[in-house]
Structure formats: structure tokens, C-alpha cells
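K.L.:
Below is a structure I'd like to ask you about.
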Amino acid sequence: MSRPDQSITFLRSYGFSVFRFPRASAQPLELMHRDGKDLARLGMGPDLIGAGEIAAPSVRRDENPGIGIEGKETSKVNVAIGLSILGSFIGALGGGKLGLDVAFSKARTVTFQYTSVMEDVVDVLAIEKFVKAGRISPHIPAGTLEKLLDDEVYVVTSVLKTRKIVVSAQGENGSGVKVDVPVIQQVVGGTVNVNTATGMESQVAFVGAVAVACAFQ
């Protein structure tokens, strides 16, 4: 049996799933359709449920998540997979990613840390009251209604987001290897700040101007 990809599962103990491809637009009340192991975005809750006596619940933004994920690190993942995840994060921050493989050419694996994490959250009870008081929109496609009846539609209740991700690079023997920060900064451009984290040449921090969703519940 293959080992689960911990770049995706390392927050499972906190009840969160990690976005394989981080994006800035993710938010609570999004509807997801489950197709096997994959989740695809359908739209927003109010697009499916017409408001009755109770309005759609409000989202509390930029809260302290209240869970100890600060500094929590994933296990080592293959550098190709890691750079795909990192490239998505940088792209969501508005930076470029073409040429990252050159800067990490000595690495064989990488690990990730999400730091300075904030949470956007909506109360589950408030969602339940909104749904119970409302009605399913008569305008949704039949296929979407079938997904709903088959219990394949989920609503996002919480999103963890951050402006900063720390990446550590390891070589063949598992020890840290130097990454080329000037090359990385040239690749990603001026919208994303790049620097060595805690002065270690094998760790590099990427900091953007906007927070990017990295996990959801």
C-alpha cells in the first residue's frame, strides 16, 4: 500500500484538507462536488439555496484559527510534486513560476510550512438554519440536483489562508541543500518577496501581498 501524500494530509488531524493547488479565491460557503477522491467547485451556497426567512450566514474573516499549525511541517515530498504545489501558491500570489526547477536543481525532496495562518469561517449551525429556511433554486441544472440527492455536494465551512509559505530543500541523503534565492526572486518577480528563512540556506520563504487559501474544512 502506498503512503498517503502528506503534502495533502498533514492537517487531517485538525479536521482540514489541504488544497493541492492553493488559490486566493477560496472561501466559506463554496459548494464542492465529490467525484471519487476529487472535489470540484460548483459555486456558492446562495446559488443553490434561495433565501427564506433567514439570510445567508455571514463569514467571519481573518480570525486566529485556534489550532497549533504554526511551524508544522509536512513530510518530505518529491521535488517535482513540491514545485507544482509551490508554483500554484506563487501563481495565486501573483508571481511567476517558470524556472523554479533551476533554483531547486540540487534538491530531491522538499517540505512545506504554512506560517502566520488566518481563518475565514462560518458557523455550521448558521448554515443549517439558512438551508432549512430556504428552498432549492428551481433554476439549477438537473445534474446538480442529482448530485445533491446522492449526497455528493459539500459546503466549505472554514478556509485557512496565509501570505507566507516556507519551503525547505533536501538532497539525496536527506540533508539540507542550498537554494538559489536570487534566481528564485528573478523568477517570481517583484510581487512576491523571497528570502532565506531563519538564515538557513536550505530554507526559503515566499511572502505575498494577499493571503492565499491553503486548507479547508
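In the C-alpha cells, chains take the letters A, B, ... in the order shown, each chain's residues start at 1, and ligands count up from 1 in the order shown.
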Identify all residues of range 14-73 of chain A in strand (DSSP E) (DSSP on the backbone) and supply them as number ranges by chain.

P.N.:
A: 17-23, 30-35, 38-44, 49-50, 60-63

K.L.:
Where in range 60-156 of chain A does DSSP assign helix (DSSP H, G or I), given as a PyMOL selection string?

P.N.:
chain A and resi 79-93+100-103+124-133+142-149

K.L.:
Would you save the residues of that selection, restricted to C-alpha atoms, as a PDB file, in the first residue's frame?

P.N.:
```
ATOM      1  CA  VAL A  79      10.705  17.879  -5.580  1.00  0.00           C
ATOM      2  CA  ALA A  80       8.652  17.715  -8.797  1.00  0.00           C
ATOM      3  CA  ILE A  81       5.398  17.440  -6.815  1.00  0.00           C
ATOM      4  CA  GLY A  82       6.609  20.074  -4.370  1.00  0.00           C
ATOM      5  CA  LEU A  83       7.427  22.573  -7.105  1.00  0.00           C
ATOM      6  CA  SER A  84       3.993  22.017  -8.642  1.00  0.00           C
ATOM      7  CA  ILE A  85       2.371  22.929  -5.319  1.00  0.00           C
ATOM      8  CA  LEU A  86       4.762  25.834  -4.793  1.00  0.00           C
ATOM      9  CA  GLY A  87       4.156  27.097  -8.329  1.00  0.00           C
ATOM     10  CA  SER A  88       0.402  27.186  -7.691  1.00  0.00           C
ATOM     11  CA  PHE A  89       0.930  29.102  -4.444  1.00  0.00           C
ATOM     12  CA  ILE A  90       3.231  31.630  -6.120  1.00  0.00           C
ATOM     13  CA  GLY A  91       0.812  31.982  -9.033  1.00  0.00           C
ATOM     14  CA  ALA A  92      -2.039  32.708  -6.602  1.00  0.00           C
ATOM     15  CA  LEU A  93       0.148  35.410  -5.035  1.00  0.00           C
ATOM     16  CA  LEU A 100      11.802  27.328 -10.362  1.00  0.00           C
ATOM     17  CA  ASP A 101      13.310  23.931 -11.179  1.00  0.00           C
ATOM     18  CA  VAL A 102      16.650  25.618 -11.902  1.00  0.00           C
ATOM     19  CA  ALA A 103      16.762  27.224  -8.455  1.00  0.00           C
ATOM     20  CA  VAL A 124     -22.249  25.323  10.804  1.00  0.00           C
ATOM     21  CA  LEU A 125     -25.440  25.988  12.756  1.00  0.00           C
ATOM     22  CA  ALA A 126     -25.999  29.214  10.815  1.00  0.00           C
ATOM     23  CA  ILE A 127     -25.657  27.291   7.537  1.00  0.00           C
ATOM     24  CA  GLU A 128     -28.125  24.658   8.710  1.00  0.00           C
ATOM     25  CA  LYS A 129     -30.700  27.315   9.691  1.00  0.00           C
ATOM     26  CA  PHE A 130     -30.274  29.070   6.313  1.00  0.00           C
ATOM     27  CA  VAL A 131     -30.717  25.821   4.383  1.00  0.00           C
ATOM     28  CA  LYS A 132     -33.745  24.723   6.398  1.00  0.00           C
ATOM     29  CA  ALA A 133     -35.481  28.093   5.979  1.00  0.00           C
ATOM     30  CA  ALA A 142     -30.846  18.518 -13.256  1.00  0.00           C
ATOM     31  CA  GLY A 143     -27.327  17.106 -12.936  1.00  0.00           C
ATOM     32  CA  THR A 144     -26.619  19.291  -9.925  1.00  0.00           C
ATOM     33  CA  LEU A 145     -29.864  18.213  -8.281  1.00  0.00           C
ATOM     34  CA  GLU A 146     -28.870  14.578  -8.814  1.00  0.00           C
ATOM     35  CA  LYS A 147     -25.513  15.235  -7.139  1.00  0.00           C
ATOM     36  CA  LEU A 148     -27.344  16.796  -4.198  1.00  0.00           C
ATOM     37  CA  LEU A 149     -29.721  13.847  -3.842  1.00  0.00           C
TER      38      LEU A 149
END
```

K.L.:
Set the distance at 9 Å and use only C-alpha atoms: which residues neighbour Val177 in chain A once local chain neighbours fewer than 3 positions away are removed? I'd like the list as a PyMOL selection string.

P.N.:
chain A and resi 104+106-107+168-171+174+201-203

K.L.:
So that I have them on file, write out the residues from the current selection with all heavy atoms, as a short mmCIF file (atom, residue, chain, number, x, y, z; two decimals), in the first residue's frame.

P.N.:
```cif
data_model
loop_
_atom_site.label_atom_id
_atom_site.label_comp_id
_atom_site.auth_asym_id
_atom_site.auth_seq_id
_atom_site.Cartn_x
_atom_site.Cartn_y
_atom_site.Cartn_z
N PHE A 104 16.00 25.04 -7.70
CA PHE A 104 15.96 23.86 -6.82
C PHE A 104 16.62 22.65 -7.47
O PHE A 104 16.29 21.51 -7.14
CB PHE A 104 14.50 23.52 -6.47
CG PHE A 104 13.87 24.45 -5.47
CD1 PHE A 104 13.27 25.63 -5.89
CD2 PHE A 104 13.86 24.15 -4.12
CE1 PHE A 104 12.67 26.49 -4.98
CE2 PHE A 104 13.26 25.00 -3.20
CZ PHE A 104 12.67 26.18 -3.63
N LYS A 106 19.41 21.19 -7.11
CA LYS A 106 20.15 20.27 -6.24
C LYS A 106 19.24 19.50 -5.28
O LYS A 106 19.69 18.58 -4.60
CB LYS A 106 21.19 21.05 -5.42
CG LYS A 106 22.28 21.70 -6.27
CD LYS A 106 23.27 22.46 -5.39
CE LYS A 106 24.36 23.12 -6.22
NZ LYS A 106 25.32 23.89 -5.37
N ALA A 107 17.98 19.88 -5.24
CA ALA A 107 17.04 19.25 -4.31
C ALA A 107 16.43 17.99 -4.91
O ALA A 107 16.23 17.89 -6.12
CB ALA A 107 15.94 20.23 -3.93
N SER A 168 11.62 24.05 2.50
CA SER A 168 12.95 23.54 2.81
C SER A 168 13.33 22.51 1.76
O SER A 168 12.50 21.68 1.37
CB SER A 168 12.97 22.89 4.21
OG SER A 168 12.59 23.82 5.21
N ALA A 169 14.58 22.56 1.32
CA ALA A 169 15.05 21.65 0.27
C ALA A 169 16.04 20.65 0.83
O ALA A 169 16.90 20.99 1.65
CB ALA A 169 15.71 22.46 -0.85
N GLN A 170 15.91 19.39 0.40
CA GLN A 170 16.81 18.33 0.83
C GLN A 170 17.43 17.64 -0.39
O GLN A 170 16.79 17.52 -1.44
CB GLN A 170 16.07 17.28 1.68
CG GLN A 170 15.41 17.82 2.94
CD GLN A 170 14.03 18.37 2.69
OE1 GLN A 170 13.30 17.86 1.84
NE2 GLN A 170 13.65 19.42 3.43
N GLY A 171 18.67 17.16 -0.20
CA GLY A 171 19.37 16.47 -1.28
C GLY A 171 19.16 14.97 -1.22
O GLY A 171 18.26 14.46 -0.55
N GLY A 174 19.09 13.37 2.23
CA GLY A 174 18.10 13.91 3.16
C GLY A 174 18.52 15.15 3.90
O GLY A 174 17.71 15.75 4.61
N GLU A 201 20.33 28.42 4.52
CA GLU A 201 20.41 28.46 3.06
C GLU A 201 19.53 27.43 2.39
O GLU A 201 19.24 27.53 1.20
CB GLU A 201 21.87 28.26 2.61
CG GLU A 201 22.79 29.41 3.00
CD GLU A 201 24.19 29.23 2.45
OE1 GLU A 201 24.61 28.05 2.27
OE2 GLU A 201 24.86 30.24 2.18
N SER A 202 19.07 26.43 3.14
CA SER A 202 18.21 25.39 2.57
C SER A 202 16.73 25.73 2.71
O SER A 202 15.88 25.00 2.20
CB SER A 202 18.49 24.03 3.23
OG SER A 202 18.19 24.09 4.62
N GLN A 203 16.41 26.82 3.40
CA GLN A 203 15.02 27.23 3.59
C GLN A 203 14.78 28.57 2.91
O GLN A 203 15.60 29.48 3.00
CB GLN A 203 14.68 27.36 5.07
CG GLN A 203 14.48 26.06 5.80
CD GLN A 203 13.89 26.27 7.19
OE1 GLN A 203 13.98 27.36 7.75
NE2 GLN A 203 13.29 25.24 7.73
#
```

K.L.:
From the options A:Ser25, A:Ser116, A:Thr9, A:Gln186, which residue's atoms come nearest to Val207 in chain A, counting only C-alpha atoms?

P.N.:
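Distance minimum relative to Val207 in chain A lands on A:Ser116.
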
K.L.:
Would you mind reading off the distance between CA of Glu152 in chain A and CA of Lys37 in chain A, one decimal, in Å?

P.N.:
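So the answer is 11.2 Å.
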
K.L.:
Name the closest residue to Met118 in chain A among the candidates A:Leu98, A:Ile165, A:Val159, A:Val194; distances are taken between atoms, counting only C-alpha atoms.

P.N.:
A:Val159

K.L.:
List the spatial neighbours of range 211-215 of chain A as a ChimeraX atom specification - criterion: any atom at most 12 Å away, only C-alpha atoms, same-chain residues fewer than 5 positions off excluded.

P.N.:
/A:7-12,14-28,61-62,65,69,85-86,88-94,112-121,156-165,192,206

K.L.:
Find the residue from A:Gly45, A:Gly189, A:Gly50, A:Gly96 that sits nearest to Val122 in chain A; use only C-alpha atoms when measuring.

P.N.:
A:Gly45
